[in-house]
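Let me begin by presenting the structure, written as structure tokens, before commenting on it.
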2 protein chains.
Amino acid sequence: MDEVKVIEIKKSVFEDNDKDAANLRTDLKKRGVYLLNLMSSPGSGKTTTLVQLINRLKDKIRIAVMEADIDSDVDAVKIKEQTGIESIQLHTGGMCHLDAEMTRQGLDNIPLNNLDLVILENVGNLVCPAEFDTGACRNAMILSVPEGHDKPLKYPLMFSVCDLVIVNKIDVMPYFDFDLEKCKEYVHMRNPKAEVIPICAKTGEGVEKLADWILKEIKNWK
Amino acid sequence: MDEVKVIEIKKSVFEDNDKDAANLRTDLKKRGVYLLNLMSSPGSGKTTTLVQLINRLKDKIRIAVMEADIDSDVDAVKIKEQTGIESIQLHTGGMCHLDAEMTRQGLDNIPLNNLDLVILENVGNLVCPAEFDTGACRNAMILSVPEGHDKPLKYPLMFSVCDLVIVNKIDVMPYFDFDLEKCKEYVHMRNPKAEVIPICAKTGEGVEKLADWILKEIKNWK
């Protein structure tokens with residue numbers, strides 16, 4: 001099994017997270033690095049989606065991943081083993097989210113100058129991560145079919161702050177009462193501009209569209 | 001559609017949550033009311049499980065439900081419509097968990113003297129709710145098959161504080177890489193005494209065993 005770097009990040013001692021986040025975004029812009037903050041519930045398929053996505057993008061752009069979790073390094077190891085790219089594990093010390101300073105502590109441990117894209121896989125949680133600007137260029141989230149199409153009603157902030165909603169596990173749609181049109185309607189109640197991309201990370205269906213979205217984003221950022 | 005009471009609960013102004021929780025448990029013991037704190041990720045099937053469970057128990061014991069959510073009242077309405085029992089909605093004002101004082105605010109709005117069992121459906125979140133003792137007699141959680149059997153590795157505290165782990169959506173096990181034996185092994189790494197009960201809330205499979213567990217618990221509590 002590949003060994004991955006595990007970073008124990010500390011809660012920010014600064015109070016002004018919005019300012020830290022704005023500063024981090026400015027730094028990233030100068031370096032030409034695009035940071036995507038990926039959020040979701042536990043078990044929605046973030047890591048599997050990343051593996052599919054990275055394997056489609058890694059010959060075109062230079063990518064690294066930061067995996068944030070309360071504990072364990074299974075996700076960072078999976079990314080490294082199945083894509084070969086730089087992947088580090090951030091341990092949040094029990095914290096349920098990342099803020100901008102914690103994100104910067106992670107970024108300090110990867111060679112930013114050689115990268116086009118860094119993906120931060122945030123802690124699996126639909127509540128707290130939405131409350132903290134990490135300094136990322138964009139927020140994206142994965143909603144998996146088994147969770148149900150009503151989630152934008154119950155977790156309004158998460159869906160308000162995300163520019164991209166990836167609907168994952170569409171292969172099991174026949175076994176669940178998931179209405180994709182209702183889902184889109186609820187997402188757009190929270191954020192009318194949000195893009196909704198249905199995928200199946202297991203089979204790769206729809207991931208090409210996701211890759212195109214990211215390539216276009218990076219082009220506009222640089 | 002049935003109307004349900006919606007309570008806007010406030011964050012505790014007291015600092016000592018453990019003391020509040022112990023006091024609440026003592027009060028509940030005196031009144032002979034058993035409070036179960038039910039936690040899980042968003043979309044694991046908490047409300048559907050409760051509907052099945054309550055319809056099996058409501059002729060034997062007197063039950064009420066408190067549904068905690070950031071927003072919406074869909075869960076409280078569903079419980080009321082599909083079981084006919086008392087069901088209230090607690091709005092947490094953006095908070096990602098309930099503490100003992102918030103739980104007490106909810107309990108103040110239901111007729112405790114006429115009840116044997118109150119179920120608190122906590123905010124869908126595997127991180128923060130585990131950190132706060134609500135004053136409940138027991139903690140239970142639902143892990144649904146699509147989330148994966150590795151969750152006890154990533155969310156250690158949640159599985160440490162729960163005495164009962166309900167594995168839901170076992171009907172879709174053939175479509176997911178979910179290993180029930182591995183799941184049990186990981187759960188018992190966190191809490192060797194935890195009971196694991198596999199169910200399918202959609203069809204009702206396994207819910208009888210869950211009902212028996214709760215009846216036994218209530219008998220021991222009184």
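Ordered as shown in the structure tokens, chains take letters A, B, and onward, while each chain numbers its residues from 1 and ligands are numbered from 1 in the order shown.
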Using only C-alpha atoms and a cut-off of 10 Å, which residues of chain B sit close to chain A? Please list them as JSON, numbers by chain.
{"B": [40, 41, 42, 43, 44, 45, 69, 70, 71, 72, 73, 74, 75, 94, 95, 96, 97, 123, 124, 125, 126, 127, 128, 131, 143, 144, 145, 146, 147, 148, 149, 150, 151, 152, 153, 154, 155, 156, 157, 169, 171, 172, 175, 176, 202]}
If you run DSSP on the backbone here, which positions in region 122-198 of chain A get alpha helix (DSSP H)? Please write them as a PyMOL selection string.
chain A and resi 151-154+156-161+180-190
Near Met189 (chain A), within 10 Å and counting only C-alpha atoms, which residues show up once chain neighbours fewer than 4 positions away are dropped, as a ChimeraX atom specification?
/A:152-153,156,159-160,183-185,193-194
With DSSP run on the backbone, what are the strand (DSSP E or B) residues within region 15-213 of chain B? I'd like them as number ranges by chain.
B: 34-40, 63-69, 86-91, 117-121, 138-144, 164-168, 195-198, 200, 205
Using only C-alpha atoms, which residues sit within 12 Å of Asn220 (chain B) once same-chain residues fewer than 3 positions away are excluded, as a ChimeraX atom specification?
/B:29,32-34,137,213-217
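For the pair CA of Thr47 (chain A) and CA of Arg31 (chain A), the interatomic distance is 26.0 Å.
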Which one of A:Asn55, A:Thr92, A:Asn17, A:Thr203 sits closest to Asn168 (chain A) if you count only C-alpha atoms?
A:Thr203
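Non-sequential neighbours of Ile197 (chain B) (distance at most 7 Å, separation of 2 or more positions within a chain, only C-alpha atoms) are B:Val165, B:Ile166, B:Val167, B:Glu195, B:Ile199, B:Leu210.
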